[in-house]
>>> print(open('model.cif').read())   # mmCIF, C-alpha atoms
data_upload
#
loop_
_atom_site.label_atom_id
_atom_site.label_comp_id
_atom_site.auth_asym_id
_atom_site.auth_seq_id
_atom_site.Cartn_x
_atom_site.Cartn_y
_atom_site.Cartn_z
CA MET A 1 37.48 4.20 -7.01
CA LYS A 2 36.41 1.62 -9.55
CA LEU A 3 39.74 -0.19 -9.80
CA LEU A 4 39.86 -0.88 -6.07
CA GLU A 5 36.19 -1.95 -6.00
CA GLN A 6 36.86 -4.39 -8.85
CA LYS A 7 39.87 -5.78 -7.05
CA ILE A 8 37.86 -6.27 -3.86
CA ALA A 9 35.01 -7.92 -5.78
CA GLN A 10 37.36 -10.24 -7.67
CA GLU A 11 40.00 -11.10 -5.08
CA GLY A 12 38.59 -10.21 -1.67
CA THR A 13 37.13 -12.91 0.56
CA VAL A 14 34.10 -12.32 2.75
CA ILE A 15 33.81 -14.31 5.99
CA GLY A 16 30.43 -14.05 7.66
CA THR A 17 28.96 -10.58 7.25
CA ASP A 18 31.72 -8.54 8.79
CA ILE A 19 35.18 -9.79 7.81
CA LEU A 20 36.64 -8.79 4.46
CA LYS A 21 40.02 -10.32 3.74
CA VAL A 22 42.16 -8.52 1.18
CA ASP A 23 45.34 -10.49 1.81
CA MET A 24 45.72 -11.08 -1.91
CA PHE A 25 46.55 -7.48 -2.79
CA LEU A 26 46.75 -5.30 0.32
CA ASN A 27 47.41 -7.00 3.67
CA HIS A 28 49.88 -9.80 2.98
CA GLN A 29 50.62 -9.84 -0.75
CA ILE A 30 50.72 -6.27 -2.06
CA ASP A 31 49.81 -5.11 -5.57
CA VAL A 32 52.10 -2.10 -5.90
CA GLY A 33 50.58 -1.01 -9.23
CA LEU A 34 47.22 -0.74 -7.45
CA LEU A 35 48.90 1.26 -4.69
CA ASN A 36 50.17 3.70 -7.32
CA GLU A 37 46.62 4.27 -8.56
CA MET A 38 45.41 4.68 -4.97
CA GLY A 39 48.17 7.19 -4.32
CA LYS A 40 47.11 9.25 -7.35
CA GLU A 41 43.53 9.19 -6.14
CA PHE A 42 44.51 10.34 -2.64
CA TYR A 43 46.39 13.17 -4.32
CA ARG A 44 43.30 14.09 -6.35
CA LEU A 45 41.28 14.19 -3.12
CA PHE A 46 43.80 15.94 -0.83
CA GLY A 47 46.41 17.47 -3.15
CA HIS A 48 44.86 20.95 -3.04
CA GLU A 49 45.59 21.15 0.68
CA GLN A 50 48.88 21.80 2.41
CA ILE A 51 50.23 18.40 3.46
CA ASP A 52 53.57 18.36 5.27
CA LYS A 53 53.57 14.77 6.45
CA ILE A 54 51.67 11.51 6.15
CA VAL A 55 50.99 9.46 9.29
CA THR A 56 49.88 5.82 9.25
CA ILE A 57 49.97 2.72 11.49
CA GLU A 58 52.05 -0.40 11.08
CA ALA A 59 51.96 -2.76 9.31
CA SER A 60 49.63 -2.62 6.30
CA GLY A 61 49.26 1.14 6.28
CA ILE A 62 52.97 1.60 5.61
CA ALA A 63 52.90 0.40 2.01
CA ILE A 64 49.90 2.54 1.09
CA ALA A 65 51.31 5.64 2.76
CA CYS A 66 54.80 5.34 1.27
CA VAL A 67 53.61 4.83 -2.28
CA ALA A 68 51.11 7.71 -1.85
CA SER A 69 53.84 10.03 -0.56
CA GLN A 70 55.40 9.98 -4.03
CA TYR A 71 52.38 11.95 -5.32
CA PHE A 72 52.63 14.46 -2.45
CA ASN A 73 56.11 15.72 -3.28
CA HIS A 74 57.64 12.88 -1.24
CA VAL A 75 56.54 14.28 2.12
CA PRO A 76 57.90 12.17 5.01
CA VAL A 77 55.83 9.23 6.18
CA VAL A 78 55.67 8.44 9.90
CA PHE A 79 54.22 5.16 11.01
CA ALA A 80 52.80 4.85 14.50
CA LYS A 81 53.95 1.73 16.33
CA LYS A 82 51.50 -0.59 17.98
CA THR A 83 52.45 -1.91 21.36
CA GLU A 84 50.74 -3.65 24.21
CA SER A 85 53.21 -2.23 26.67
CA ARG A 86 51.73 0.22 29.15
CA ASN A 87 54.84 1.95 30.46
CA LEU A 88 54.77 5.57 29.48
CA ASP A 89 57.74 6.89 27.59
CA ALA A 90 58.35 10.61 27.90
CA GLU A 91 59.74 10.76 24.38
CA VAL A 92 56.59 9.57 22.62
CA TYR A 93 53.07 10.73 21.99
CA GLU A 94 50.78 7.87 22.89
CA SER A 95 47.11 7.10 22.53
CA LYS A 96 45.05 4.12 23.66
CA VAL A 97 43.10 2.33 20.96
CA TYR A 98 40.40 -0.25 21.59
CA SER A 99 40.23 -2.98 18.95
CA PHE A 100 36.70 -4.34 18.57
CA THR A 101 38.09 -7.15 16.39
CA LYS A 102 40.56 -8.34 18.99
CA GLN A 103 38.52 -7.09 21.96
CA LYS A 104 41.49 -5.53 23.66
CA GLU A 105 43.18 -2.21 24.11
CA TYR A 106 46.55 -1.42 22.65
CA SER A 107 48.70 1.69 22.42
CA VAL A 108 49.83 3.57 19.35
CA ARG A 109 52.96 5.64 19.69
CA VAL A 110 54.88 8.21 17.69
CA SER A 111 58.23 9.63 18.76
CA LYS A 112 57.99 13.32 19.62
CA LYS A 113 60.84 13.95 17.19
CA TYR A 114 58.67 13.18 14.17
CA LEU A 115 55.66 15.43 14.72
CA GLN A 116 56.11 19.19 14.97
CA PRO A 117 53.68 21.91 16.06
CA GLY A 118 51.86 23.44 13.11
CA GLU A 119 52.55 20.61 10.67
CA HIS A 120 49.65 19.68 8.42
CA VAL A 121 49.23 15.92 8.57
CA LEU A 122 47.33 13.55 6.32
CA ILE A 123 46.34 10.25 7.94
CA ILE A 124 46.34 7.21 5.64
CA ASP A 125 45.18 3.74 6.62
CA ASP A 126 43.99 0.54 5.00
CA PHE A 127 40.65 0.01 6.77
CA LEU A 128 38.09 2.19 8.50
CA ALA A 129 35.44 0.44 10.61
CA ASN A 130 34.93 1.70 14.15
CA GLY A 131 37.48 4.42 13.62
CA GLN A 132 39.40 3.82 16.83
CA ALA A 133 42.83 3.65 15.20
CA VAL A 134 42.30 6.87 13.23
CA LEU A 135 40.94 8.60 16.35
CA GLY A 136 44.12 7.53 18.14
CA LEU A 137 46.22 9.09 15.39
CA ILE A 138 44.17 12.30 15.51
CA ASP A 139 44.77 12.42 19.26
CA ILE A 140 48.53 11.96 18.78
CA ILE A 141 48.72 14.58 16.02
CA ARG A 142 46.89 17.09 18.23
CA GLN A 143 49.09 16.26 21.24
CA ALA A 144 51.98 17.42 19.05
CA GLY A 145 50.21 20.67 18.21
CA ALA A 146 50.01 19.54 14.59
CA VAL A 147 46.90 19.68 12.40
CA PRO A 148 45.08 16.57 11.13
CA CYS A 149 44.01 17.62 7.62
CA GLY A 150 42.15 14.51 6.64
CA ALA A 151 41.92 10.76 6.71
CA GLY A 152 42.52 8.90 3.45
CA ILE A 153 41.21 5.35 3.76
CA ALA A 154 41.50 2.48 1.31
CA ILE A 155 38.43 0.50 2.39
CA GLU A 156 35.64 1.80 4.60
CA LYS A 157 33.01 -0.39 6.18
CA GLY A 158 30.21 2.06 5.56
CA HIS A 159 27.76 0.44 7.94
CA GLN A 160 30.00 1.06 10.93
CA LYS A 161 30.43 4.23 12.92
CA GLY A 162 34.04 5.21 12.16
CA ARG A 163 33.28 7.97 9.65
CA SER A 164 30.84 9.82 11.88
CA LEU A 165 33.22 9.68 14.86
CA ILE A 166 36.09 11.12 12.80
CA GLU A 167 33.92 13.78 11.18
CA ALA A 168 32.73 14.74 14.67
CA GLU A 169 36.38 15.59 15.33
CA GLY A 170 36.27 17.99 12.40
CA VAL A 171 38.45 15.80 10.19
CA ARG A 172 37.47 15.04 6.59
CA VAL A 173 37.26 11.38 5.58
CA GLU A 174 37.82 10.16 2.02
CA SER A 175 37.58 6.44 1.34
CA LEU A 176 38.51 4.87 -1.98
CA ALA A 177 35.97 2.06 -1.59
CA ILE A 178 32.97 2.04 0.74
CA VAL A 179 31.44 -1.32 1.53
CA ALA A 180 27.69 -0.96 2.03
CA SER A 181 27.10 -4.61 2.90
CA MET A 182 28.70 -7.99 2.45
CA SER A 183 27.93 -11.65 2.81
CA GLU A 184 29.51 -14.94 1.84
CA GLU A 185 26.62 -15.64 -0.56
CA ASP A 186 26.34 -12.29 -2.32
CA GLY A 187 29.85 -10.93 -1.91
CA VAL A 188 30.48 -7.22 -1.44
CA LYS A 189 28.05 -4.40 -2.28
CA PHE A 190 29.53 -0.91 -2.54
CA ALA A 191 27.91 2.35 -1.50
CA MET B 1 75.54 3.62 -2.04
CA LYS B 2 76.86 7.06 -1.14
CA LEU B 3 73.47 8.69 -0.55
CA LEU B 4 72.48 6.10 2.06
CA GLU B 5 75.89 6.26 3.75
CA GLN B 6 75.60 10.06 3.98
CA LYS B 7 72.12 9.76 5.44
CA ILE B 8 73.33 7.25 8.05
CA ALA B 9 76.32 9.45 8.91
CA GLN B 10 74.18 12.58 9.22
CA GLU B 11 70.96 11.31 10.78
CA GLY B 12 71.69 7.89 12.26
CA THR B 13 72.35 7.50 15.98
CA VAL B 14 74.89 5.07 17.38
CA ILE B 15 74.24 3.60 20.82
CA GLY B 16 77.19 1.75 22.28
CA THR B 17 79.10 -0.13 19.60
CA ASP B 18 76.33 -2.26 18.19
CA ILE B 19 73.04 -0.37 17.92
CA LEU B 20 72.45 1.90 14.94
CA LYS B 21 69.14 3.76 15.06
CA VAL B 22 67.84 5.00 11.72
CA ASP B 23 64.40 6.01 12.99
CA MET B 24 64.76 9.38 11.30
CA PHE B 25 64.54 8.07 7.73
CA LEU B 26 63.92 4.30 7.68
CA ASN B 27 62.37 2.69 10.75
CA HIS B 28 59.82 5.17 12.09
CA GLN B 29 59.90 8.25 9.90
CA ILE B 30 60.48 7.25 6.28
CA ASP B 31 62.24 9.29 3.61
CA VAL B 32 60.43 8.06 0.50
CA GLY B 33 62.73 9.92 -1.88
CA LEU B 34 65.64 7.98 -0.40
CA LEU B 35 63.63 4.76 -0.84
CA ASN B 36 63.25 5.60 -4.54
CA GLU B 37 67.03 5.86 -4.92
CA MET B 38 67.47 2.61 -2.98
CA GLY B 39 64.92 0.91 -5.25
CA LYS B 40 66.84 2.04 -8.35
CA GLU B 41 70.06 0.70 -6.85
CA PHE B 42 68.47 -2.67 -6.05
CA TYR B 43 67.33 -2.78 -9.67
CA ARG B 44 70.85 -2.02 -10.88
CA LEU B 45 72.12 -4.90 -8.72
CA PHE B 46 69.41 -7.48 -9.40
CA GLY B 47 67.53 -6.25 -12.47
CA HIS B 48 69.42 -8.53 -14.89
CA GLU B 49 67.93 -11.55 -13.12
CA GLN B 50 64.45 -12.94 -13.42
CA ILE B 51 62.53 -11.65 -10.40
CA ASP B 52 58.88 -12.71 -10.07
CA LYS B 53 58.23 -11.56 -6.53
CA ILE B 54 59.78 -9.64 -3.67
CA VAL B 55 59.52 -11.04 -0.13
CA THR B 56 60.20 -9.00 3.01
CA ILE B 57 59.30 -8.98 6.72
CA GLU B 58 57.01 -6.60 8.55
CA ALA B 59 57.22 -3.80 9.48
CA SER B 60 60.14 -1.71 8.21
CA GLY B 61 60.93 -3.93 5.25
CA ILE B 62 57.52 -3.26 3.72
CA ALA B 63 58.24 0.33 2.71
CA ILE B 64 61.60 -0.51 1.12
CA ALA B 65 60.20 -3.51 -0.75
CA CYS B 66 57.10 -1.75 -2.09
CA VAL B 67 58.97 1.27 -3.38
CA ALA B 68 61.61 -1.03 -4.93
CA SER B 69 58.94 -3.13 -6.66
CA GLN B 70 58.18 -0.12 -8.87
CA TYR B 71 61.59 -0.57 -10.53
CA PHE B 72 61.03 -4.33 -11.00
CA ASN B 73 57.95 -4.02 -13.23
CA HIS B 74 55.72 -3.82 -10.15
CA VAL B 75 56.22 -7.46 -9.18
CA PRO B 76 54.05 -8.40 -6.19
CA VAL B 77 55.47 -7.86 -2.72
CA VAL B 78 54.73 -10.41 0.01
CA PHE B 79 55.54 -9.54 3.59
CA ALA B 80 56.13 -12.34 6.08
CA LYS B 81 54.29 -11.86 9.34
CA LYS B 82 56.04 -12.10 12.65
CA THR B 83 54.26 -13.95 15.37
CA GLU B 84 55.11 -15.43 18.71
CA SER B 85 52.36 -17.99 18.42
CA ARG B 86 53.55 -21.58 18.09
CA ASN B 87 50.44 -23.31 16.80
CA LEU B 88 51.11 -24.64 13.34
CA ASP B 89 48.78 -23.52 10.61
CA ALA B 90 48.54 -25.88 7.64
CA GLU B 91 47.93 -22.97 5.31
CA VAL B 92 51.24 -21.21 5.95
CA TYR B 93 54.92 -21.77 5.42
CA GLU B 94 56.64 -21.07 8.70
CA SER B 95 60.19 -20.74 9.92
CA LYS B 96 61.59 -20.12 13.38
CA VAL B 97 63.87 -17.13 13.76
CA TYR B 98 66.06 -16.44 16.76
CA SER B 99 66.49 -12.77 17.55
CA PHE B 100 69.84 -12.04 19.17
CA THR B 101 68.65 -8.51 19.95
CA LYS B 102 65.53 -9.64 21.79
CA GLN B 103 67.02 -12.97 22.87
CA LYS B 104 63.96 -14.92 21.93
CA GLU B 105 62.60 -17.04 19.15
CA TYR B 106 59.74 -15.94 16.97
CA SER B 107 58.06 -17.32 13.86
CA VAL B 108 57.83 -15.81 10.41
CA ARG B 109 54.96 -16.95 8.26
CA VAL B 110 53.80 -16.62 4.70
CA SER B 111 50.50 -17.94 3.43
CA LYS B 112 50.94 -20.82 0.98
CA LYS B 113 48.77 -18.91 -1.48
CA TYR B 114 51.43 -16.28 -2.06
CA LEU B 115 54.49 -18.36 -2.93
CA GLN B 116 54.43 -20.72 -5.91
CA PRO B 117 56.86 -23.45 -6.98
CA GLY B 118 59.43 -22.18 -9.45
CA GLU B 119 58.96 -18.48 -8.67
CA HIS B 120 62.15 -16.46 -8.55
CA VAL B 121 62.11 -14.43 -5.36
CA LEU B 122 64.19 -11.45 -4.28
CA ILE B 123 64.41 -10.93 -0.51
CA ILE B 124 64.58 -7.30 0.66
CA ASP B 125 65.10 -6.19 4.24
CA ASP B 126 66.26 -3.15 6.16
CA PHE B 127 69.06 -4.65 8.28
CA LEU B 128 71.40 -7.59 8.05
CA ALA B 129 73.32 -8.56 11.19
CA ASN B 130 73.22 -12.20 12.25
CA GLY B 131 71.14 -13.06 9.21
CA GLN B 132 68.53 -15.10 11.08
CA ALA B 133 65.53 -13.30 9.56
CA VAL B 134 66.82 -13.66 6.00
CA LEU B 135 67.68 -17.33 6.62
CA GLY B 136 64.08 -17.80 7.80
CA LEU B 137 62.82 -16.26 4.56
CA ILE B 138 65.13 -18.46 2.48
CA ASP B 139 63.75 -21.48 4.34
CA ILE B 140 60.16 -20.40 3.63
CA ILE B 141 60.86 -19.71 -0.05
CA ARG B 142 62.44 -23.13 -0.44
CA GLN B 143 59.57 -24.83 1.42
CA ALA B 144 57.36 -23.42 -1.34
CA GLY B 145 59.63 -24.85 -4.04
CA ALA B 146 60.46 -21.30 -5.09
CA VAL B 147 63.97 -19.97 -5.74
CA PRO B 148 65.65 -17.33 -3.55
CA CYS B 149 67.57 -15.24 -6.13
CA GLY B 150 69.24 -12.84 -3.77
CA ALA B 151 69.02 -10.71 -0.65
CA GLY B 152 68.93 -6.96 -1.09
CA ILE B 153 69.75 -5.28 2.20
CA ALA B 154 69.68 -1.60 3.10
CA ILE B 155 72.21 -1.65 5.95
CA GLU B 156 74.57 -4.51 6.72
CA LYS B 157 76.56 -4.79 9.92
CA GLY B 158 79.67 -6.04 8.20
CA HIS B 159 81.35 -7.28 11.36
CA GLN B 160 78.59 -9.79 12.03
CA LYS B 161 78.09 -13.18 10.48
CA GLY B 162 74.86 -12.75 8.50
CA ARG B 163 76.46 -12.43 5.06
CA SER B 164 78.56 -15.59 5.34
CA LEU B 165 75.59 -17.62 6.59
CA ILE B 166 73.42 -16.49 3.67
CA GLU B 167 76.17 -16.98 1.11
CA ALA B 168 76.68 -20.48 2.52
CA GLU B 169 73.08 -21.09 1.44
CA GLY B 170 74.09 -20.16 -2.11
CA VAL B 171 72.20 -16.86 -2.05
CA ARG B 172 73.84 -13.64 -3.22
CA VAL B 173 73.85 -10.71 -0.78
CA GLU B 174 73.95 -7.08 -1.89
CA SER B 175 73.91 -4.37 0.75
CA LEU B 176 73.55 -0.68 0.00
CA ALA B 177 75.62 0.35 3.01
CA ILE B 178 78.02 -1.85 4.96
CA VAL B 179 78.96 -0.69 8.44
CA ALA B 180 82.55 -1.72 9.22
CA SER B 181 82.51 -0.35 12.77
CA MET B 182 80.67 2.17 14.89
CA SER B 183 80.95 3.93 18.22
CA GLU B 184 79.26 6.83 19.99
CA GLU B 185 82.48 8.83 19.82
CA ASP B 186 83.52 8.27 16.21
CA GLY B 187 80.17 7.53 14.58
CA VAL B 188 79.88 5.05 11.74
CA LYS B 189 82.70 3.81 9.52
CA PHE B 190 81.73 2.13 6.28
CA ALA B 191 83.43 -0.79 4.56
#
>>> encode(input="model.cif", output="structure tokens")
Amino acid sequence: MKLLEQKIAQEGTVIGTDILKVDMFLNHQIDVGLLNEMGKEFYRLFGHEQIDKIVTIEASGIAIACVASQYFNHVPVVFAKKTESRNLDAEVYESKVYSFTKQKEYSVRVSKKYLQPGEHVLIIDDFLANGQAVLGLIDIIRQAGAVPCGAGIAIEKGHQKGRSLIEAEGVRVESLAIVASMSEEDGVKFA
Amino acid sequence: MKLLEQKIAQEGTVIGTDILKVDMFLNHQIDVGLLNEMGKEFYRLFGHEQIDKIVTIEASGIAIACVASQYFNHVPVVFAKKTESRNLDAEVYESKVYSFTKQKEYSVRVSKKYLQPGEHVLIIDDFLANGQAVLGLIDIIRQAGAVPCGAGIAIEKGHQKGRSLIEAEGVRVESLAIVASMSEEDGVKFA
């Protein structure tokens, strides 16, 4: 998606060769007009499928998912909650996610009330790198007996293994911008 | 706002006399169609004023603020980040917020890049009770030399002191639903 790539090129900040900060329009300040265009593009990519619900993870995924929902007949959005707590709650579906960035494990949780057997669920998230968060959501969706129909990602780090892990689960991945490489000197190159 | 009051009455859950759970449509699962109507109502209440930016707090405020921004000419949304860390960062505006619910203090932070002197800022949040979070945002906005134009709240607990504390700061409060009282037996009564 050209508009998102331009935005990343113009306003993103690369730190080292692996950190891409998009605080200016996605992760701290949010450009809602851009989110509208992203929502339309997700609909172009997934709108031909049955989508009953959109699932995302707090915090940054929420904005993208809610604006996108408007193009999917306002299907409900459910955001998984991140918690470090380990005590199991019978009322939630829970999956462990390992964060390579933070080098620690956390839990993602969704109340059992908000995922029903047979529902077709689109996953939306801001970043895809190692894929652990999306794999956690796929796990939760399947625990509920629901069907993960696809993963719509804003920015994919194409040199990392997330896509192949998710596709190995039989779930289609569509990313609006795929970063092939990046460096502080040369900026971001897209796939 | 009748639609929100109906939704609270039908789908909200009262625990004791002070906890109102709206996980079904606002804080975990999100009804985006309802958020559209709330955004229109915020525009009716604040649209005659100059609004350059909307500021909210992660996580639940993000959805409300982003959908509302669409009715305010897509002004940028900035969400303050909650953190328990105490180390001061020169690049952020920070304010301490005491949570009566969790009985502990946390910090809210906004990068200095995303608030400019003279900007007119509308605060949007999901709940208003003791007002500490909104007061923290007002503090941050004023640290930046920006102007807090108002606080648009989804659900106000009218029997608590948040409104008077914010109004004492000279900031107008508009809440879409004001809870006068609630109990497990009788449900929610609106002001």
>>> resolve_selection(input="model.cif", expression="the PyMOL selection byres ((chain B and resi 175) around 7)", output="PyMOL selection string")
chain B and resi 152-156+173-174+176-178
>>> resolve_selection(input="model.cif", expression="the PyMOL selection byres ((chain A) within 10 of (chain B))", output="MDAnalysis selection string")
chainID A and resid 23:36 53:55 57:70 73:81 110:111 113:115
>>> resolve_selection(input="model.cif", expression="the PyMOL selection byres ((chain A and resi 183) around 8)", output="ChimeraX atom specification")
/A:14-18,181-182,184-188
>>> atom_distance(input="model.cif", atom1="atom CA of Tyr71 of chain A", atom2="atom CA of Arg172 of chain A")
19.3 Å
>>> residues_near_point(input="model.cif", point="(46.4, 8.1, 18.9)", cutoff="10 Å", atoms="all atoms listed in the file", output="PyMOL selection string")
chain A and resi 57+80+93-97+107-110+132-143
>>> write_last_selection(input="model.cif", atoms="C-alpha atoms", output="short mmCIF file (atom, residue, chain, number, x, y, z; two decimals), keeping the file's coordinate frame")
data_model
loop_
_atom_site.label_atom_id
_atom_site.label_comp_id
_atom_site.auth_asym_id
_atom_site.auth_seq_id
_atom_site.Cartn_x
_atom_site.Cartn_y
_atom_site.Cartn_z
CA ILE A 57 49.97 2.72 11.49
CA ALA A 80 52.80 4.85 14.50
CA TYR A 93 53.07 10.73 21.99
CA GLU A 94 50.78 7.87 22.89
CA SER A 95 47.11 7.10 22.53
CA LYS A 96 45.05 4.12 23.66
CA VAL A 97 43.10 2.33 20.96
CA SER A 107 48.70 1.69 22.42
CA VAL A 108 49.83 3.57 19.35
CA ARG A 109 52.96 5.64 19.69
CA VAL A 110 54.88 8.21 17.69
CA GLN A 132 39.40 3.82 16.83
CA ALA A 133 42.83 3.65 15.20
CA VAL A 134 42.30 6.87 13.23
CA LEU A 135 40.94 8.60 16.35
CA GLY A 136 44.12 7.53 18.14
CA LEU A 137 46.22 9.09 15.39
CA ILE A 138 44.17 12.30 15.51
CA ASP A 139 44.77 12.42 19.26
CA ILE A 140 48.53 11.96 18.78
CA ILE A 141 48.72 14.58 16.02
CA ARG A 142 46.89 17.09 18.23
CA GLN A 143 49.09 16.26 21.24
#
>>> residues_around(input="model.cif", residues="Phe100 of chain B", least_positions_apart="2", cutoff="12 Å", atoms="only C-alpha atoms", output="VMD selection string")
chain B and resid 18 97 to 98 102 to 106 129 to 133 160 162
>>> atom_distance(input="model.cif", atom1="atom CA of Asp52 of chain B", atom2="atom CA of Glu119 of chain B")
5.9 Å
>>> atom_distance(input="model.cif", atom1="atom CA of His159 of chain A", atom2="atom CA of Arg44 of chain A")
25.1 Å
>>> closest_residue(input="model.cif", among="B:Val171, B:Leu128, B:Leu165, B:Thr83", to="Val147 of chain B", atoms="all atoms listed in the file")
B:Val171
>>> residues_around(input="model.cif", residues="Val179 of chain B", least_positions_apart="2", cutoff="6 Å", atoms="all atoms listed in the file", output="VMD selection string")
chain B and resid 157 to 158 181 189 to 191
>>> axis_aligned_box(input="model.cif", around="segment 115-130 of chain B", padding_each_side="4 Å", output="JSON")
{"center_x": 63.9, "center_y": -13.3, "center_z": 1.4, "size_x": 26.9, "size_y": 28.3, "size_z": 29.7}
>>> closest_residue(input="model.cif", among="A:Gln50, A:Gly170, A:Ala151, A:Ser99", to="His120 of chain A", atoms="only C-alpha atoms")
A:Gln50
>>> closest_residue(input="model.cif", among="B:Leu4, B:Thr13, B:Lys21, B:Phe72", to="Gly39 of chain B", atoms="all atoms listed in the file")
B:Phe72
